[in-house]
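*Asks:* Take this structure, written in structure tokens, and hold onto it; I'll ask about it next.
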Amino acid sequence: MAALRWLTPRRRSATARSVLAGEASAEAARKSAQSAQDTSPDTGAEAEFPVHGDDRAAAFFDLDNTVMQGAAIFHFGRGLYKRKFFETRDLARFAWQQAWFRLAGFEDPEHMQDARDSALSIVKGHRVSELKSIGEEIYDEYMAERIWPGTRALAQAHLDAGQKVWLVTAAPVEIAQVIARRLGLTGALGTVAESIGGVYTGKLVGEPLHGPAKAEAVRALAAAERLDLSRCAAYSDSHNDIPMLSLVGHPYAINPDSKLRKHARELEWRLRDYRTGRKAAKVGIPAAAGVGAVAGGTAAAIALHRRRR
């Protein structure tokens, strides 16, 4: 398939940066997915949705509070602190931000900016391979037990139908890579940190994969994979992801914040709240999202895109 086109000017508008971040993440995800072995099971049984054998459909899942309780970057911060990457005062800030996220149920832009800047400064000068290895350990320590079984079952329903399933997150692509692999997903779109010679520079490629940038990434990936977005599904908890949810024909609000819940109800989008176990939907969701479904573990890796200056 044709390579994705990069935007190269040094200074870019906010829209251009979103496009750059989206295309960078989409390119990284596609390259690794092409090299990963397809291990999605084929049950031969047709479901009302997702449609079995529809290779022009795929599913896109937000990560924080959709697939996993809490924010991945904060769990990552805990793991780095344990390994003495930074000081106690930084851990306290991470803990406060995580507490806010869990209690308020939505992202505070200042908290996310602070966490992002802290993470970039912490990993600057470290090797990509080192952080990827540590990410595997941190997943086992802090993240595996926080996967929502219901959302995991939704993803599995798409896999069982023979469709590709992608994480789409503002979290670092290395963390997204680990989680996607452990859950047996196709790959992940995540924020791409710049590295030169396999060493982090402390800068990003474009901007964080958040809000409109997520929509750009999904759009770019869908074009490259020749997907029909009207047949695709997207899942998120946050009103910040309304641009991504609005791209697809099957949008789902999972553990929604108040703004997304209101928007979803107005548009009759499908809803599900796993925080209480109650259904909140006007429209049903796949039967495969049964309580007690657990994460599978098949190999599907994505490569970190390394952009040299």
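In the structure tokens, the first chain shown is A, the next is B, and so on; residue numbers restart at 1 for each chain, and ligands run from 1 in the order shown.
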Set the distance at 9 Å and use only C-alpha atoms: which residues neighbour A:Gln69 once local chain neighbours fewer than 3 positions away are removed? I'd like the list as a list of chain:residue names.

*Replies:* A:Leu63, A:Asp64, A:Asn65, A:Thr66, A:Ala72, A:Arg102, A:Met143, A:Arg146, A:Ile147, A:Trp148

*Asks:* The selected residues should be written to file as a compact mmCIF listing (two decimals), in the first residue's frame (atoms: all heavy atoms).

*Replies:*
# COMPACT_ATOMS: atom_id res chain seq x y z
N LEU A 63 -8.49 3.75 25.27
CA LEU A 63 -7.89 2.93 26.33
C LEU A 63 -8.32 3.35 27.73
O LEU A 63 -8.96 2.58 28.45
CB LEU A 63 -6.36 3.00 26.21
CG LEU A 63 -5.56 2.30 27.30
CD1 LEU A 63 -5.91 0.81 27.39
CD2 LEU A 63 -4.06 2.50 27.06
N ASP A 64 -7.98 4.57 28.13
CA ASP A 64 -8.18 5.00 29.51
C ASP A 64 -9.66 5.06 29.88
O ASP A 64 -10.45 5.78 29.26
CB ASP A 64 -7.56 6.38 29.73
CG ASP A 64 -6.04 6.36 29.57
OD1 ASP A 64 -5.47 5.26 29.56
OD2 ASP A 64 -5.45 7.45 29.45
N ASN A 65 -10.03 4.29 30.89
CA ASN A 65 -11.39 4.21 31.43
C ASN A 65 -12.39 3.61 30.45
O ASN A 65 -13.58 3.59 30.73
CB ASN A 65 -11.89 5.58 31.91
CG ASN A 65 -12.79 5.46 33.13
OD1 ASN A 65 -12.59 4.59 33.97
ND2 ASN A 65 -13.79 6.31 33.22
N THR A 66 -11.91 3.14 29.30
CA THR A 66 -12.75 2.41 28.35
C THR A 66 -12.37 0.94 28.37
O THR A 66 -13.19 0.07 28.65
CB THR A 66 -12.60 2.98 26.93
OG1 THR A 66 -12.94 4.36 26.93
CG2 THR A 66 -13.50 2.23 25.95
N ALA A 72 -3.47 5.02 31.64
CA ALA A 72 -2.27 4.21 31.44
C ALA A 72 -1.00 4.96 31.81
O ALA A 72 -0.07 4.39 32.39
CB ALA A 72 -2.20 3.74 29.99
N ARG A 102 -9.99 9.21 38.32
CA ARG A 102 -10.90 8.16 38.77
C ARG A 102 -12.17 8.73 39.39
O ARG A 102 -13.26 8.19 39.20
CB ARG A 102 -10.20 7.24 39.77
CG ARG A 102 -9.12 6.37 39.14
CD ARG A 102 -8.43 5.52 40.19
NE ARG A 102 -9.36 4.55 40.76
CZ ARG A 102 -9.59 3.35 40.25
NH1 ARG A 102 -8.96 2.96 39.16
NH2 ARG A 102 -10.43 2.52 40.83
N MET A 143 -1.49 -2.96 35.42
CA MET A 143 -2.53 -2.77 34.42
C MET A 143 -3.41 -3.98 34.17
O MET A 143 -4.61 -3.84 33.95
CB MET A 143 -1.91 -2.32 33.09
CG MET A 143 -1.16 -1.01 33.18
SD MET A 143 -0.44 -0.55 31.57
CE MET A 143 0.43 0.94 32.02
N ARG A 146 -6.68 -4.34 35.82
CA ARG A 146 -7.58 -3.21 35.66
C ARG A 146 -8.31 -3.20 34.31
O ARG A 146 -8.96 -2.23 33.96
CB ARG A 146 -6.81 -1.90 35.85
CG ARG A 146 -6.36 -1.69 37.29
CD ARG A 146 -5.55 -0.41 37.46
NE ARG A 146 -5.37 -0.12 38.88
CZ ARG A 146 -4.44 -0.65 39.65
NH1 ARG A 146 -3.59 -1.55 39.13
NH2 ARG A 146 -4.34 -0.33 40.92
N ILE A 147 -8.16 -4.26 33.55
CA ILE A 147 -8.88 -4.35 32.27
C ILE A 147 -10.36 -4.62 32.56
O ILE A 147 -10.70 -5.52 33.32
CB ILE A 147 -8.30 -5.47 31.39
CG1 ILE A 147 -6.81 -5.22 31.12
CG2 ILE A 147 -9.08 -5.60 30.09
CD1 ILE A 147 -6.51 -3.94 30.36
N TRP A 148 -11.25 -3.84 31.94
CA TRP A 148 -12.68 -4.07 32.10
C TRP A 148 -13.08 -5.34 31.35
O TRP A 148 -12.94 -5.41 30.12
CB TRP A 148 -13.49 -2.90 31.54
CG TRP A 148 -13.36 -1.60 32.27
CD1 TRP A 148 -12.69 -0.49 31.84
CD2 TRP A 148 -13.93 -1.25 33.53
NE1 TRP A 148 -12.80 0.52 32.75
CE2 TRP A 148 -13.56 0.08 33.81
CE3 TRP A 148 -14.71 -1.95 34.46
CZ2 TRP A 148 -13.95 0.74 34.97
CZ3 TRP A 148 -15.10 -1.30 35.62
CH2 TRP A 148 -14.73 0.03 35.87

*Asks:* Quick one: pick out all alpha helix (DSSP H) residues within stretch 59-265 of chain A from a backbone DSSP run and write them as a VMD selection string.

*Replies:* chain A and resid 72 to 82 88 to 104 109 to 123 128 to 138 149 to 160 173 to 182 212 to 225 242 to 245 258 to 265

*Asks:* Point out the residue among A:Gly198, A:Gly190, A:Gly70, A:Gly206 with the least atom-to-atom distance to A:Asp237, counting only C-alpha atoms.

*Replies:*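 Nearest to A:Asp237: A:Gly70.
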
*Asks:* For the structure I just gave you, how does DSSP split stretch 127-269 of chain A - specifically, which residues are strand (DSSP E or B)? Reply as a ChimeraX atom specification.

*Replies:* /A:127,147,164-172,187-191,193-196,199-204,233-236,250-254

*Asks:* Which of these residues is nearest to A:Glu137, using only C-alpha atoms: A:Leu260, A:Val178, A:Ala253, A:Ile196?

*Replies:* A:Val178

*Asks:* Find the residues around A:Ala180 up to 8 Å (only C-alpha atoms counted), leave out those fewer than 3 positions away in its own chain, and share them as a PyMOL selection string.

*Replies:* chain A and resi 166-167+176-177+183-188+300-301

*Asks:* Just N, CA and C atoms for this one: save the residues we selected as an mmCIF file, in the first residue's frame.

*Replies:*
data_model
loop_
_atom_site.group_PDB
_atom_site.id
_atom_site.type_symbol
_atom_site.label_atom_id
_atom_site.label_comp_id
_atom_site.auth_asym_id
_atom_site.auth_seq_id
_atom_site.Cartn_x
_atom_site.Cartn_y
_atom_site.Cartn_z
ATOM 1 N N TRP A 166 -8.202 -2.190 16.993
ATOM 2 C CA TRP A 166 -7.094 -1.288 17.288
ATOM 3 C C TRP A 166 -7.374 -0.494 18.558
ATOM 4 N N LEU A 167 -6.349 -0.335 19.412
ATOM 5 C CA LEU A 167 -6.410 0.651 20.473
ATOM 6 C C LEU A 167 -6.084 2.012 19.886
ATOM 7 N N ALA A 176 0.761 1.366 24.676
ATOM 8 C CA ALA A 176 -0.334 0.864 23.846
ATOM 9 C C ALA A 176 0.050 -0.449 23.185
ATOM 10 N N GLN A 177 1.299 -0.552 22.772
ATOM 11 C CA GLN A 177 1.817 -1.772 22.142
ATOM 12 C C GLN A 177 1.694 -2.965 23.077
ATOM 13 N N LEU A 183 -3.731 -8.309 24.976
ATOM 14 C CA LEU A 183 -5.155 -8.565 24.779
ATOM 15 C C LEU A 183 -5.441 -9.264 23.447
ATOM 16 N N GLY A 184 -4.399 -9.522 22.674
ATOM 17 C CA GLY A 184 -4.587 -10.210 21.405
ATOM 18 C C GLY A 184 -5.195 -9.344 20.331
ATOM 19 N N LEU A 185 -5.036 -8.021 20.437
ATOM 20 C CA LEU A 185 -5.602 -7.113 19.452
ATOM 21 C C LEU A 185 -4.673 -6.977 18.245
ATOM 22 N N THR A 186 -5.175 -6.341 17.207
ATOM 23 C CA THR A 186 -4.404 -6.200 15.978
ATOM 24 C C THR A 186 -3.212 -5.283 16.157
ATOM 25 N N GLY A 187 -3.397 -4.168 16.866
ATOM 26 C CA GLY A 187 -2.333 -3.192 17.032
ATOM 27 C C GLY A 187 -2.841 -1.982 17.779
ATOM 28 N N ALA A 188 -2.052 -0.911 17.748
ATOM 29 C CA ALA A 188 -2.410 0.266 18.521
ATOM 30 C C ALA A 188 -1.948 1.536 17.841
ATOM 31 N N ALA A 300 0.516 -9.919 18.785
ATOM 32 C CA ALA A 300 0.236 -8.940 17.736
ATOM 33 C C ALA A 300 0.972 -7.680 18.114
ATOM 34 N N ALA A 301 2.079 -7.377 17.475
ATOM 35 C CA ALA A 301 2.922 -6.277 17.907
ATOM 36 C C ALA A 301 2.840 -5.116 16.946
#

*Asks:* What's the separation between atom CA of A:Ile175 and atom CA of A:Pro251, in Å to one decimal place?

*Replies:*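 Between atom CA of A:Ile175 and atom CA of A:Pro251 the gap is 24.5 Å.
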
*Asks:* Would you please work out which residue, of A:Val123, A:Val218, A:Ala223, A:Ile73, is nearest to A:Leu245 when using only C-alpha atoms?

*Replies:*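 The answer is A:Val218, which sits nearest to A:Leu245.
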
*Asks:* Have a look at A:Glu216, A:Leu221, A:Tyr235, A:Gly197 and name the one nearest to A:Arg152; count only C-alpha atoms.

*Replies:*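 Of A:Glu216, A:Leu221, A:Tyr235, A:Gly197, the one nearest A:Arg152, counting only C-alpha atoms, is A:Tyr235.
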
*Asks:* Rank A:Glu268, A:Ser121, A:Phe61, A:Lys259 by their smallest atom-to-atom distance to A:Leu154, using only C-alpha atoms, and report the top residue only.

*Replies:* A:Phe61

*Asks:* Looking at only C-alpha atoms, which of A:Pro149, A:Asp160, A:Phe86, A:Phe76 is the one that sits closest to A:Phe49?

*Replies:* A:Asp160
